[in-house]
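Trainee: Provided herewith is a single structure, encoded as structure tokens, for subsequent inquiry.
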Amino acid sequence: MEFIWLILAGLGALFLFNWLMGYRKEHIQIDFENRYVKEKEYIDAIKRELGKQGRDVEYMGNRKFVIDGRPYLFIERNVSMGGVPLQRTILKPVKR
């Protein structure tokens with residue numbers, strides 16, 4: 001019985017981690033080689049990366065983008081992956 005609870009707890013932790021890291025339907029995740037501290041540089045890097053992917057991107061201000069005609073909210077996550085900090089960019093679709 002204790003083994004089952006341990007497995008369920010592990011699966012729950014994995015599900016929570018994936019949810020926090022933006023692995024959801026219609027979310028856009030971007031991981032950059034460089035670390036961005038200044039918001040303007042970060043926004044410009046997001047626009048460049050999405051442009052490389054062939055997407056139509058417009059920054060509306062206040063962490064809001066319009067990508068391919070759909071509104072998205074920009075969320076930043078910082079996580080230590082194997083001792084190395086990872087700056088994850090998550091673009092979450094905004095329901096109209």
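Chain labels follow the order of the structure tokens: the first chain is A, the next B, and so on; residue numbering restarts at 1 in every chain, and ligands are counted from 1 in their shown order.
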So that I can see what lies close to Arg63 in chain A, please list as number ranges by chain the residues with an atom at most 12 Å from it, counting only C-alpha atoms and leaving out residues fewer than 5 positions away in the same chain.

Mentor: A: 39-40, 42-44, 46, 58, 71-76, 89-92, 94

Trainee: Find the residue from A:Val84, A:Ile30, A:Leu50, A:Met1 that sits nearest to Phe65 in chain A; use only C-alpha atoms when measuring.

Mentor: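 Among the listed residues, the smallest separation from Phe65 in chain A belongs to A:Leu50.
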
Trainee: Please report the interatomic distance between CA of Asp31 in chain A and CA of Val79 in chain A in Å with one decimal.

Mentor: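 CA of Asp31 in chain A sits 11.2 Å away from CA of Val79 in chain A.
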
Trainee: Taking the backbone alone, and naming residues the way the document does, which bits of chain A are strand (DSSP E or B) by DSSP, as a count of residues only?

Mentor: 35

Trainee: I need the residues in chain A that are helix (DSSP H, G or I) according to DSSP; give them as a PyMOL selection string.

Mentor: chain A and resi 2-20+39-52
